[in-house]
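Coordinates from target_23.cif are shown below (mmCIF, C-alpha atoms).
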data_upload
loop_
_atom_site.label_atom_id
_atom_site.label_comp_id
_atom_site.auth_asym_id
_atom_site.auth_seq_id
_atom_site.Cartn_x
_atom_site.Cartn_y
_atom_site.Cartn_z
CA MET A 14 -4.24 58.38 5.87
CA ARG A 15 -2.36 61.63 6.37
CA ALA A 16 -1.97 63.01 9.88
CA TYR A 17 -4.31 65.67 11.25
CA LEU A 18 -1.85 68.50 11.82
CA PRO A 19 -3.72 70.53 14.47
CA ALA A 20 -3.27 67.56 16.82
CA TYR A 21 0.49 68.17 16.80
CA ASP A 22 2.75 70.76 18.26
CA ALA A 23 6.37 71.49 17.48
CA LEU A 24 8.89 74.02 18.66
CA THR A 25 12.58 74.78 18.42
CA PRO A 26 14.43 74.92 21.76
CA ASP A 27 17.04 77.65 22.26
CA SER A 28 19.78 75.31 23.43
CA LEU A 29 20.48 71.74 24.54
CA ASP A 30 19.84 72.81 28.14
CA HIS A 31 16.46 74.21 27.15
CA ALA A 32 15.59 70.99 25.30
CA LEU A 33 16.64 68.86 28.30
CA GLU A 34 14.62 71.06 30.66
CA LEU A 35 11.47 70.63 28.57
CA LEU A 36 12.03 66.86 28.33
CA ASP A 37 12.62 66.67 32.08
CA THR A 38 9.61 68.71 33.16
CA HIS A 39 7.17 67.28 30.58
CA PRO A 40 8.52 63.78 29.80
CA GLU A 41 5.21 62.48 28.47
CA GLU A 42 4.64 65.44 26.18
CA TYR A 43 7.85 66.19 24.33
CA VAL A 44 9.77 64.02 21.89
CA PRO A 45 13.08 65.00 20.24
CA PHE A 46 12.91 65.40 16.47
CA ALA A 47 16.18 65.43 14.47
CA GLY A 48 16.47 64.92 10.69
CA GLY A 49 12.89 63.66 10.37
CA THR A 50 13.67 60.86 7.92
CA ASP A 51 11.85 58.29 10.07
CA LEU A 52 9.30 60.41 11.94
CA MET A 53 7.99 62.23 8.85
CA VAL A 54 7.22 58.88 7.21
CA LEU A 55 5.03 58.03 10.21
CA LEU A 56 3.38 61.45 9.89
CA ASP A 57 2.55 60.68 6.27
CA TRP A 58 1.01 57.37 7.31
CA GLY A 59 -1.03 59.06 10.07
CA LYS A 60 0.87 56.98 12.63
CA LEU A 61 3.09 59.57 14.28
CA PRO A 62 2.13 59.78 17.99
CA ARG A 63 0.30 63.01 18.82
CA LYS A 64 3.03 64.68 20.85
CA LYS A 65 4.94 67.92 21.01
CA TYR A 66 8.04 67.62 18.85
CA LEU A 67 11.25 69.32 19.88
CA ASN A 68 13.17 70.35 16.80
CA ILE A 69 16.74 69.64 17.89
CA TRP A 70 18.16 69.75 14.32
CA ASN A 71 20.02 73.01 14.87
CA LEU A 72 21.51 72.34 18.31
CA SER A 73 25.23 72.95 17.91
CA GLU A 74 25.97 70.99 21.13
CA LEU A 75 24.96 67.80 19.28
CA LYS A 76 26.97 68.40 16.11
CA GLY A 77 30.44 67.73 14.85
CA ILE A 78 33.08 65.02 14.75
CA GLN A 79 35.79 65.42 17.41
CA GLU A 80 38.89 63.35 17.92
CA ASP A 81 41.28 62.78 20.79
CA GLU A 82 43.84 60.03 21.43
CA SER A 83 41.34 57.47 22.64
CA PHE A 84 38.07 58.17 20.84
CA ILE A 85 36.42 59.64 17.79
CA SER A 86 33.29 61.32 19.07
CA LEU A 87 30.39 61.86 16.69
CA GLY A 88 27.71 64.29 17.82
CA GLY A 89 24.24 62.72 17.85
CA LEU A 90 23.24 64.93 14.92
CA THR A 91 26.11 63.81 12.68
CA THR A 92 24.59 63.08 9.27
CA TYR A 93 25.38 60.19 6.95
CA THR A 94 26.87 62.70 4.51
CA GLU A 95 29.24 64.00 7.20
CA ILE A 96 30.25 60.45 8.15
CA GLN A 97 31.18 59.59 4.55
CA ALA A 98 33.20 62.79 4.17
CA SER A 99 35.27 62.29 7.33
CA GLU A 100 38.84 61.25 6.54
CA VAL A 101 39.52 59.86 9.99
CA LEU A 102 36.40 57.68 9.80
CA GLN A 103 37.32 56.46 6.31
CA LYS A 104 40.73 55.44 7.59
CA GLU A 105 39.88 53.94 10.96
CA PHE A 106 36.18 53.01 10.81
CA PRO A 107 35.39 52.16 7.17
CA ASN A 108 32.42 49.95 8.08
CA LEU A 109 30.59 53.02 9.35
CA CYS A 110 31.35 54.97 6.16
CA GLN A 111 30.11 52.08 4.05
CA ALA A 112 26.92 51.87 6.14
CA ALA A 113 26.39 55.62 5.68
CA ARG A 114 26.89 55.33 1.93
CA TRP A 115 24.31 52.55 1.64
CA SER A 116 21.68 54.11 3.90
CA GLY A 117 18.99 55.78 1.83
CA ALA A 118 20.36 57.96 -0.95
CA TRP A 119 21.90 61.45 -1.06
CA ALA A 120 18.81 63.39 0.01
CA ILE A 121 18.27 61.06 2.99
CA GLN A 122 21.97 61.04 3.86
CA ASN A 123 21.90 64.85 4.10
CA ARG A 124 19.22 64.72 6.81
CA GLY A 125 19.42 61.33 8.51
CA THR A 126 21.46 61.41 11.74
CA LEU A 127 23.40 58.75 13.59
CA GLY A 128 21.70 59.57 16.91
CA GLY A 129 18.33 59.41 15.21
CA ASN A 130 19.10 56.05 13.64
CA ILE A 131 20.03 54.68 17.07
CA ALA A 132 17.01 56.13 18.90
CA ASN A 133 14.65 54.93 16.17
CA ALA A 134 15.87 51.47 17.22
CA SER A 135 15.03 49.61 14.06
CA PRO A 136 16.44 46.06 14.03
CA ALA A 137 17.21 46.78 10.35
CA ALA A 138 19.23 49.96 11.02
CA ASP A 139 22.30 49.95 8.78
CA SER A 140 24.63 52.02 10.94
CA SER A 141 24.07 49.90 14.06
CA PRO A 142 25.96 46.73 13.02
CA ALA A 143 28.89 48.95 11.97
CA LEU A 144 28.89 50.66 15.38
CA LEU A 145 28.72 47.29 17.15
CA SER A 146 31.62 45.99 15.07
CA TYR A 147 33.76 48.77 16.54
CA GLY A 148 32.64 48.46 20.17
CA ALA A 149 31.03 51.92 20.15
CA GLU A 150 29.84 53.64 23.31
CA LEU A 151 27.03 56.13 23.76
CA GLU A 152 27.12 59.36 25.68
CA ILE A 153 23.63 60.06 26.92
CA VAL A 154 22.68 63.38 28.46
CA SER A 155 19.82 64.54 30.65
CA ARG A 156 19.26 67.45 32.97
CA SER A 157 20.92 65.49 35.75
CA GLY A 158 24.15 64.86 33.85
CA VAL A 159 25.91 62.62 31.38
CA ARG A 160 26.23 58.84 31.41
CA ARG A 161 28.19 56.43 29.23
CA LEU A 162 26.93 53.10 28.01
CA PRO A 163 28.41 50.45 25.69
CA TYR A 164 26.20 50.48 22.59
CA SER A 165 26.00 46.68 22.76
CA GLU A 166 23.91 47.10 25.97
CA PHE A 167 21.59 49.78 24.60
CA HIS A 168 18.91 47.86 22.71
CA THR A 169 16.97 45.57 25.05
CA GLY A 170 14.12 44.31 22.83
CA TYR A 171 12.14 45.22 19.74
CA LYS A 172 12.07 49.03 19.75
CA GLU A 173 13.03 48.97 23.43
CA MET A 174 16.16 50.69 24.63
CA ARG A 175 17.95 52.08 27.63
CA LEU A 176 17.02 55.70 26.91
CA GLU A 177 14.72 57.55 29.29
CA LYS A 178 12.15 60.03 28.03
CA ASN A 179 14.15 62.93 29.48
CA GLU A 180 17.40 61.88 27.77
CA ILE A 181 19.07 62.63 24.45
CA ILE A 182 21.95 60.78 22.76
CA ARG A 183 24.63 63.45 22.84
CA ALA A 184 27.44 61.57 21.15
CA ILE A 185 28.60 58.23 19.79
CA LEU A 186 32.15 57.31 20.78
CA LEU A 187 34.35 55.04 18.69
CA PRO A 188 37.38 53.67 20.54
CA ARG A 189 40.58 54.13 18.52
CA SER A 190 43.40 51.69 18.18
CA SER A 191 46.25 51.17 15.77
CA VAL A 192 45.03 50.71 12.21
CA GLU A 193 47.67 48.04 11.52
CA ASN A 194 46.67 44.38 11.12
CA CYS A 195 42.94 45.07 10.99
CA HIS A 196 40.28 43.64 8.73
CA HIS A 197 36.94 45.38 8.25
CA TYR A 198 33.89 43.89 6.59
CA TYR A 199 30.46 45.39 5.86
CA ARG A 200 27.79 43.99 3.64
CA LYS A 201 24.12 44.82 3.25
CA VAL A 202 21.68 42.69 1.30
CA GLY A 203 18.52 44.44 0.12
CA THR A 204 16.27 44.71 -2.92
CA ARG A 205 18.29 47.60 -4.34
CA LYS A 206 21.45 49.38 -3.30
CA ALA A 207 19.87 52.75 -2.51
CA GLN A 208 16.98 53.34 -0.13
CA ALA A 209 16.16 49.68 0.50
CA ILE A 210 15.72 48.53 4.07
CA SER A 211 18.05 45.58 4.65
CA LYS A 212 17.01 41.96 4.47
CA VAL A 213 20.28 41.14 6.23
CA CYS A 214 23.28 43.28 7.13
CA LEU A 215 26.60 42.09 8.57
CA ALA A 216 29.49 44.13 9.92
CA ALA A 217 32.67 42.61 11.30
CA PHE A 218 36.02 43.72 12.61
CA VAL A 219 39.10 41.60 13.21
CA LYS A 220 42.47 42.48 14.67
CA TRP A 221 45.32 40.08 13.91
CA GLU A 222 48.30 39.17 16.03
CA GLY A 223 50.61 37.30 13.71
CA ASN A 224 48.51 34.49 12.29
CA LYS A 225 46.03 34.56 15.14
CA ILE A 226 42.79 36.50 15.50
CA LYS A 227 43.42 38.66 18.52
CA GLU A 228 40.14 40.51 18.60
CA CYS A 229 36.90 39.89 16.76
CA ARG A 230 33.48 41.54 16.69
CA ILE A 231 30.62 40.34 14.51
CA ALA A 232 27.30 42.18 14.32
CA LEU A 233 24.14 41.66 12.31
CA GLY A 234 21.00 43.59 11.47
CA SER A 235 17.54 42.30 10.49
CA VAL A 236 18.06 38.84 12.00
CA ALA A 237 16.67 39.36 15.52
CA PRO A 238 14.36 41.76 17.43
CA THR A 239 17.33 44.15 17.74
CA VAL A 240 20.64 44.53 15.98
CA ILE A 241 22.92 41.99 17.66
CA ARG A 242 26.50 40.97 18.35
CA CYS A 243 27.29 37.28 17.96
CA PRO A 244 29.45 36.56 21.04
CA LYS A 245 29.61 32.78 20.58
CA SER A 246 30.85 33.04 17.01
CA GLU A 247 33.32 35.71 18.09
CA GLU A 248 34.61 33.48 20.87
CA ILE A 249 35.17 30.57 18.50
CA LEU A 250 37.37 32.73 16.28
CA THR A 251 39.24 34.68 18.96
CA GLY A 252 42.77 33.52 19.71
CA LYS A 253 42.72 31.04 16.81
CA THR A 254 44.41 30.57 13.49
CA LEU A 255 41.91 30.22 10.66
CA SER A 256 41.36 26.75 9.27
CA ARG A 257 38.63 25.13 7.23
CA GLU A 258 37.31 23.36 10.35
CA LEU A 259 37.26 26.58 12.35
CA LYS A 260 35.33 28.37 9.61
CA GLU A 261 32.73 25.61 9.49
CA GLU A 262 32.37 25.64 13.27
CA ALA A 263 31.97 29.46 13.28
CA LYS A 264 29.37 29.33 10.49
CA ALA A 265 27.32 26.68 12.26
CA THR A 266 27.44 28.71 15.46
CA LEU A 267 26.41 31.93 13.76
CA GLY A 268 23.42 30.15 12.27
CA GLN A 269 22.38 29.23 15.83
CA GLU A 270 22.92 32.71 17.24
CA ILE A 271 20.49 34.54 14.97
CA SER A 272 16.71 34.32 14.98
CA PRO A 273 15.34 35.90 11.80
CA ILE A 274 11.63 36.05 11.01
CA ASP A 275 9.37 36.13 7.97
CA ASP A 276 8.17 39.63 7.20
CA VAL A 277 7.24 41.91 4.32
CA ARG A 278 10.85 42.25 3.18
CA SER A 279 12.08 38.68 3.29
CA THR A 280 11.68 35.24 4.79
CA LYS A 281 13.24 33.55 7.77
CA ASP A 282 14.83 30.86 5.60
CA TYR A 283 16.30 33.30 3.10
CA ARG A 284 17.71 35.52 5.86
CA LEU A 285 19.28 32.57 7.65
CA GLU A 286 20.92 31.30 4.49
CA ILE A 287 22.14 34.73 3.37
CA ALA A 288 23.46 35.65 6.81
CA VAL A 289 25.59 32.50 6.88
CA ASN A 290 26.64 33.06 3.25
CA ILE A 291 27.88 36.59 3.81
CA PHE A 292 29.58 35.46 7.01
CA ASP A 293 31.29 32.83 4.85
CA GLU A 294 32.37 35.59 2.45
CA PHE A 295 33.85 37.50 5.37
CA LEU A 296 35.72 34.39 6.58
CA ASP A 297 37.03 33.82 3.06
CA GLU A 298 38.33 37.38 2.96
CA LEU A 299 40.01 36.77 6.30
CA GLY A 300 41.51 33.55 4.99
CA GLY A 301 42.77 35.43 1.94
CA CYS A 302 44.71 37.67 4.34
CA LYS A 303 46.38 34.97 6.38
CA GLU A 304 46.33 31.70 4.51
CA GLY A 305 48.16 33.24 1.56
CA MET B 21 -1.53 73.99 17.88
CA LYS B 22 -2.00 77.08 15.77
CA LYS B 23 -0.01 78.14 12.77
CA VAL B 24 3.29 79.92 13.21
CA ASP B 25 5.13 82.38 11.01
CA ILE B 26 7.86 80.73 8.97
CA PHE B 27 10.45 83.19 7.64
CA PHE B 28 12.67 81.87 4.88
CA THR B 29 14.21 82.60 1.51
CA ILE B 30 12.65 80.81 -1.42
CA ASN B 31 14.44 80.96 -4.78
CA GLY B 32 16.25 84.09 -3.67
CA VAL B 33 13.14 85.91 -2.37
CA LYS B 34 12.46 86.43 1.34
CA LYS B 35 9.02 85.25 2.42
CA THR B 36 6.98 84.89 5.56
CA VAL B 37 4.32 82.24 5.48
CA SER B 38 1.86 81.31 8.19
CA ALA B 39 1.81 77.52 8.48
CA HIS B 40 1.49 74.68 10.95
CA PRO B 41 5.05 73.85 12.14
CA MET B 42 4.63 70.19 11.14
CA LYS B 43 3.29 70.99 7.67
CA ARG B 44 5.55 69.30 5.13
CA LEU B 45 7.83 71.64 3.19
CA LEU B 46 6.40 69.97 0.07
CA ASP B 47 2.88 71.18 0.96
CA LEU B 48 4.14 74.60 2.01
CA LEU B 49 5.68 75.01 -1.46
CA ARG B 50 2.74 73.68 -3.42
CA GLU B 51 -0.20 74.95 -1.39
CA GLU B 52 1.00 78.24 0.08
CA LEU B 53 3.54 79.44 -2.47
CA GLU B 54 2.09 78.08 -5.72
CA LEU B 55 5.38 76.36 -6.47
CA THR B 56 3.86 73.26 -8.00
CA GLY B 57 6.98 72.28 -9.94
CA THR B 58 8.01 70.15 -6.95
CA LYS B 59 6.04 66.91 -7.20
CA GLU B 60 4.82 64.42 -4.65
CA GLY B 61 5.61 60.82 -5.52
CA CYS B 62 5.66 58.41 -2.62
CA GLY B 63 5.49 60.87 0.27
CA GLU B 64 7.91 58.77 2.30
CA GLY B 65 11.39 59.57 1.05
CA GLU B 66 11.77 56.64 -1.35
CA CYS B 67 11.31 58.23 -4.78
CA GLY B 68 12.99 61.65 -4.79
CA ALA B 69 10.22 63.36 -6.82
CA CYS B 70 9.96 66.13 -4.20
CA SER B 71 13.72 66.87 -4.08
CA VAL B 72 14.68 70.48 -3.36
CA PHE B 73 17.69 72.24 -1.85
CA VAL B 74 17.66 73.45 1.74
CA GLU B 75 20.76 75.44 2.67
CA GLY B 76 22.34 74.20 -0.55
CA LYS B 77 21.82 70.51 0.29
CA LEU B 78 19.60 68.09 -1.60
CA VAL B 79 16.66 66.94 0.57
CA ASN B 80 13.27 65.28 0.22
CA SER B 81 10.74 68.05 0.89
CA CYS B 82 8.15 65.48 1.99
CA LEU B 83 10.33 64.66 5.02
CA ILE B 84 10.93 68.19 6.27
CA PRO B 85 8.49 69.95 8.59
CA SER B 86 8.06 73.67 7.88
CA LEU B 87 9.53 74.50 11.28
CA GLN B 88 12.88 73.16 10.07
CA VAL B 89 13.18 75.69 7.23
CA GLN B 90 12.83 78.65 9.59
CA GLY B 91 15.55 81.11 8.49
CA CYS B 92 16.79 78.79 5.72
CA GLU B 93 17.47 79.24 2.05
CA VAL B 94 15.30 76.95 -0.07
CA LYS B 95 15.66 76.39 -3.80
CA THR B 96 13.13 74.54 -5.96
CA ILE B 97 13.03 73.60 -9.63
CA GLU B 98 11.44 77.03 -10.30
CA GLY B 99 14.64 78.69 -9.08
CA VAL B 100 17.07 76.68 -11.20
CA ALA B 101 16.89 78.64 -14.48
CA ASP B 102 18.41 82.10 -14.76
CA GLY B 103 15.42 84.03 -16.09
CA GLU B 104 14.71 82.62 -19.55
CA GLN B 105 18.08 80.89 -19.65
CA LEU B 106 17.62 77.24 -18.64
CA HIS B 107 20.22 75.50 -16.49
CA ARG B 108 22.50 73.25 -18.56
CA VAL B 109 20.98 70.18 -16.88
CA GLN B 110 17.47 71.32 -17.90
CA GLU B 111 18.67 71.96 -21.45
CA SER B 112 20.21 68.54 -21.58
CA PHE B 113 17.08 66.75 -20.30
CA LEU B 114 15.06 68.54 -23.04
CA LYS B 115 17.50 67.72 -25.81
CA GLU B 116 18.21 64.11 -24.86
CA GLY B 117 14.63 63.10 -24.05
CA GLY B 118 15.40 62.75 -20.33
CA ALA B 119 11.76 63.45 -19.46
CA GLN B 120 8.72 61.44 -20.44
CA CYS B 121 5.68 61.84 -18.19
CA GLY B 122 7.57 64.49 -16.24
CA ILE B 123 6.64 63.62 -12.66
CA CYS B 124 10.14 62.54 -11.64
CA THR B 125 11.87 65.19 -13.75
CA PRO B 126 12.06 68.13 -11.30
CA GLY B 127 13.52 65.82 -8.65
CA MET B 128 15.90 64.19 -11.14
CA ILE B 129 17.16 67.59 -12.23
CA MET B 130 17.67 68.76 -8.64
CA ALA B 131 19.58 65.56 -7.82
CA ALA B 132 21.66 65.89 -10.99
CA ILE B 133 22.53 69.50 -10.15
CA ALA B 134 23.48 68.44 -6.60
CA LEU B 135 25.75 65.78 -8.08
CA LEU B 136 27.44 68.15 -10.55
CA GLU B 137 28.01 70.74 -7.84
CA GLU B 138 29.84 68.09 -5.82
CA ASN B 139 31.60 66.43 -8.73
CA SER B 140 31.82 68.23 -12.08
CA GLU B 141 33.12 65.17 -13.94
CA PRO B 142 31.25 62.18 -12.55
CA SER B 143 31.75 58.72 -14.03
CA TYR B 144 28.70 56.85 -15.31
CA GLU B 145 28.65 54.84 -12.06
CA GLU B 146 28.83 58.01 -10.00
CA ILE B 147 25.87 59.42 -11.95
CA GLN B 148 23.93 56.23 -11.23
CA GLU B 149 24.76 56.47 -7.53
CA GLY B 150 23.99 60.21 -7.41
CA LEU B 151 20.51 59.58 -8.84
CA ALA B 152 19.90 56.36 -6.90
CA GLY B 153 17.33 58.05 -4.67
CA ASN B 154 15.18 59.12 -7.63
CA LEU B 155 12.74 56.73 -9.26
CA CYS B 156 11.46 56.97 -12.83
CA ARG B 157 8.79 54.60 -14.15
CA CYS B 158 8.96 55.73 -17.81
CA THR B 159 12.43 56.10 -19.22
CA GLY B 160 14.28 53.05 -18.00
CA TYR B 161 16.88 55.60 -16.81
CA THR B 162 19.14 55.37 -19.87
CA LYS B 163 18.05 58.70 -21.33
CA ILE B 164 18.22 60.33 -17.92
CA PHE B 165 21.81 59.18 -17.39
CA THR B 166 22.67 60.28 -20.95
CA SER B 167 21.17 63.71 -20.20
CA VAL B 168 23.48 64.07 -17.20
CA VAL B 169 26.51 62.83 -19.17
CA LYS B 170 25.80 65.43 -21.88
CA ALA B 171 25.20 68.17 -19.30
CA CYS B 172 28.71 67.54 -17.95
CA GLN B 173 30.16 68.13 -21.41
CA LYS B 174 28.65 71.63 -21.70
#

Could you write out this structure as structure tokens?
Amino acid sequence: MRAYLPAYDALTPDSLDHALELLDTHPEEYVPFAGGTDLMVLLDWGKLPRKKYLNIWNLSELKGIQEDESFISLGGLTTYTEIQASEVLQKEFPNLCQAARWSGAWAIQNRGTLGGNIANASPAADSSPALLSYGAELEIVSRSGVRRLPYSEFHTGYKEMRLEKNEIIRAILLPRSSVENCHHYYRKVGTRKAQAISKVCLAAFVKWEGNKIKECRIALGSVAPTVIRCPKSEEILTGKTLSRELKEEAKATLGQEISPIDDVRSTKDYRLEIAVNIFDEFLDELGGCKEG
Amino acid sequence: MKKVDIFFTINGVKKTVSAHPMKRLLDLLREELELTGTKEGCGEGECGACSVFVEGKLVNSCLIPSLQVQGCEVKTIEGVADGEQLHRVQESFLKEGGAQCGICTPGMIMAAIALLEENSEPSYEEIQEGLAGNLCRCTGYTKIFTSVVKACQK
């Protein structure tokens, strides 16, 4: 059933400060509204909460990709199209570009934003595992100032997150390091390449030191109430040289770390099997790098 | 909440329309401006039937509230031809049988034009990816892809 429009209100704030002031003084009333690719679907279903929507789409303070020595900073309103087109992201953070390319299709990628994908907090979000694989941080702004938070600490439960009603995600920060001796992996499994919401999604990043894995981050979507890192599997691999035994141990551990469910898109059993299979593919790729 | 005035440019013509700010651009076009060439398929951004350009970018008009086109330039399928002269993509869809029932066609053509503006010589795979957000339940896609291939050769 379509929404009853007169029950809604929407306005465009003049600036980020104006938006933050409205959110601060009326936290129960106003909700930020960016590209609309999630919220408008709820509107169509008649399930969008009856609130006042703050159209932040045009706020220049939340746009653009900046770089300095330590971080690439993506404004909260950075679209999937902008992510794919960024040369520095293609070079240093290819998992994120791949995630952007496989989220929705062109028309969605022109409107969907990274900040919106994070705040929508879907456990099946495609950009989130990529961000986790790179140890991203969030810059969150409110009227009282700016705070930084590792993205891995942001999602606390299904659709629950450390974002107050008077706050907006201003930027997503990707820590830079040398691009040498790195291996990136991103794979999404869904019913079709475009548009489909993932059944399972895995993003991983490895930094080598000689034949040893110096640094390792593994993240998955659609296998738990939130997108997750797999710290136990990471720990098994870190500091080690790859061997058949190590791979088997890591795969068994990963299977224990995830807790997929049956839902409309897939089953628990399928997700578990596929998650371990694509992890195996990632380990094989790693082996191909260092086992000759 | 009452209606607000939305000022924007539609197919090159400046308009002011009184509408609820959360009214979908799709409904604004079809109900207020009589631009019924843009179709509604799924209404949730999966099928691409309602594709239009906003500020030169391909979007799903079912996912855009009217408030977000304030001051923008919007182009629909009605604005693609130059008077009586069809766009080469439209010509090609006609000639190659790229349309059957016609519901997906306006969106397909908008997506194909967006692709060709970005990449004038797309490979077959790039055409498939460029149209991946547009569903057709009649053609089996082959004739649609052929239409785009032929449009590139014009």

Among the residues A:Ile249, A:Cys110, A:Met14, A:Asn123, the one that comes closest to Glu75 (chain B) [using all atoms listed in the file]:
A:Asn123

Could the centre and edge lengths of an axis-aligned box, enclosing all atoms of region 125-129 of chain B in the file with 4 Å extra on each side, be given in Å to one decimal as AutoDock Vina command-line options?
--center_x 14.5 --center_y 66.2 --center_z -11.2 --size_x 13.3 --size_y 11.9 --size_z 13.1

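You will find CA of Leu255 (chain A) at 26.9 Å from CA of Tyr283 (chain A).
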
Can you check which residues of chain B have any atom within 9 Å of chain A? Use all atoms listed in the file and format it as a ChimeraX atom specification.
/B:21-23,40-44,63-68,71-72,77-80,82-85,87-88,131,149-154

Evaluating the PyMOL selection byres ((chain A and resi 276) around 12) on the displayed file yields which residues, as a PyMOL selection string?
chain A and resi 137+211-212+235-237+273-275+277-284

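Considering the residues B:Asp47, B:Glu54, B:Glu146, B:Glu141 and counting all atoms listed in the file, Cys70 (chain B) has its shortest atom-to-atom contact with B:Asp47.
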
Shell of 9 Å around Lys170 (chain B), only C-alpha atoms, local chain residues under 3 positions omitted, as a ChimeraX atom specification
/B:109,112-113,116,165-167,173-174

Test item: the PyMOL selection byres ((chain A and resi 197) around 12) resolved as a PyMOL selection string
chain A and resi 103-111+143-144+146-147+192-196+198-200+215-221+228-232+295-296+298-299+302

Apply the PyMOL selection byres ((chain A and resi 138) around 9) to the displayed file and report the matching residues as an mmCIF file with C-alpha atoms, in the frame of the given file.
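Resulting contents of out.cif:
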data_model
loop_
_atom_site.group_PDB
_atom_site.id
_atom_site.type_symbol
_atom_site.label_atom_id
_atom_site.label_comp_id
_atom_site.auth_asym_id
_atom_site.auth_seq_id
_atom_site.Cartn_x
_atom_site.Cartn_y
_atom_site.Cartn_z
ATOM 1 C CA SER A 116 21.680 54.110 3.900
ATOM 2 C CA ASN A 130 19.100 56.050 13.640
ATOM 3 C CA ILE A 131 20.030 54.680 17.070
ATOM 4 C CA ASN A 133 14.650 54.930 16.170
ATOM 5 C CA ALA A 134 15.870 51.470 17.220
ATOM 6 C CA SER A 135 15.030 49.610 14.060
ATOM 7 C CA PRO A 136 16.440 46.060 14.030
ATOM 8 C CA ALA A 137 17.210 46.780 10.350
ATOM 9 C CA ASP A 139 22.300 49.950 8.780
ATOM 10 C CA SER A 140 24.630 52.020 10.940
ATOM 11 C CA SER A 141 24.070 49.900 14.060
ATOM 12 C CA PRO A 142 25.960 46.730 13.020
ATOM 13 C CA ILE A 210 15.720 48.530 4.070
ATOM 14 C CA SER A 211 18.050 45.580 4.650
ATOM 15 C CA CYS A 214 23.280 43.280 7.130
ATOM 16 C CA GLY A 234 21.000 43.590 11.470
ATOM 17 C CA SER A 235 17.540 42.300 10.490
ATOM 18 C CA VAL A 240 20.640 44.530 15.980
#

Can you find the residues with an atom no farther than 10 Å from (26.9, 33.5, 15.7), counting only C-alpha atoms, and report them as a PDB file with C-alpha atoms, in the frame of the given file?
ATOM      1  CA  ILE A 231      30.620  40.340  14.510  1.00  0.00           C
ATOM      2  CA  ALA A 232      27.300  42.180  14.320  1.00  0.00           C
ATOM      3  CA  LEU A 233      24.140  41.660  12.310  1.00  0.00           C
ATOM      4  CA  ILE A 241      22.920  41.990  17.660  1.00  0.00           C
ATOM      5  CA  ARG A 242      26.500  40.970  18.350  1.00  0.00           C
ATOM      6  CA  CYS A 243      27.290  37.280  17.960  1.00  0.00           C
ATOM      7  CA  PRO A 244      29.450  36.560  21.040  1.00  0.00           C
ATOM      8  CA  LYS A 245      29.610  32.780  20.580  1.00  0.00           C
ATOM      9  CA  SER A 246      30.850  33.040  17.010  1.00  0.00           C
ATOM     10  CA  GLU A 247      33.320  35.710  18.090  1.00  0.00           C
ATOM     11  CA  GLU A 248      34.610  33.480  20.870  1.00  0.00           C
ATOM     12  CA  ILE A 249      35.170  30.570  18.500  1.00  0.00           C
ATOM     13  CA  GLU A 262      32.370  25.640  13.270  1.00  0.00           C
ATOM     14  CA  ALA A 263      31.970  29.460  13.280  1.00  0.00           C
ATOM     15  CA  LYS A 264      29.370  29.330  10.490  1.00  0.00           C
ATOM     16  CA  ALA A 265      27.320  26.680  12.260  1.00  0.00           C
ATOM     17  CA  THR A 266      27.440  28.710  15.460  1.00  0.00           C
ATOM     18  CA  LEU A 267      26.410  31.930  13.760  1.00  0.00           C
ATOM     19  CA  GLY A 268      23.420  30.150  12.270  1.00  0.00           C
ATOM     20  CA  GLN A 269      22.380  29.230  15.830  1.00  0.00           C
ATOM     21  CA  GLU A 270      22.920  32.710  17.240  1.00  0.00           C
ATOM     22  CA  ILE A 271      20.490  34.540  14.970  1.00  0.00           C
ATOM     23  CA  ALA A 288      23.460  35.650   6.810  1.00  0.00           C
ATOM     24  CA  VAL A 289      25.590  32.500   6.880  1.00  0.00           C
ATOM     25  CA  PHE A 292      29.580  35.460   7.010  1.00  0.00           C
TER      26      PHE A 292
END

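We find CA of Val154 (chain A) and CA of Lys64 (chain A) to be spaced 21.1 Å apart.
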
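Taking CA of Phe84 (chain A) and CA of Ala132 (chain A) as endpoints, the distance between them is 21.2 Å.
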
List as a PDB file with C-alpha atoms, in the frame of the given file the protein and nucleic acid residues near Ile30 (chain B), meaning an atom at most 8 Å away when only C-alpha atoms are counted, but skip any in the same chain fewer than 6 places from it.
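And here's out-v5.pdb as it stands now:
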ATOM      1  CA  GLU B  93      17.470  79.240   2.050  1.00  0.00           C
ATOM      2  CA  VAL B  94      15.300  76.950  -0.070  1.00  0.00           C
ATOM      3  CA  LYS B  95      15.660  76.390  -3.800  1.00  0.00           C
ATOM      4  CA  THR B  96      13.130  74.540  -5.960  1.00  0.00           C
TER       5      THR B  96
END

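Of the listed residues (B:Ile129, B:Val24, B:Leu155, B:Ile123), B:Ile129 comes nearest to Phe73 (chain B); the distances count all atoms listed in the file.
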
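With only the atoms specified (only C-alpha atoms) counting, those residues at most 12 Å away from (14.8, 78.1, -16.2) are Asn31, Gly57, Thr96, Ile97, Glu98, Gly99, Val100, Ala101, Asp102, Gly103, Glu104, Gln105, Leu106, His107, Arg108, Val109, Gln110, Glu111, Leu114, Pro126 and Ile129 of chain B.
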
Which of A:Thr239, A:Gln97, A:Ser28, A:Thr91 sits closest to Met174 (chain A) [using only C-alpha atoms]
A:Thr239
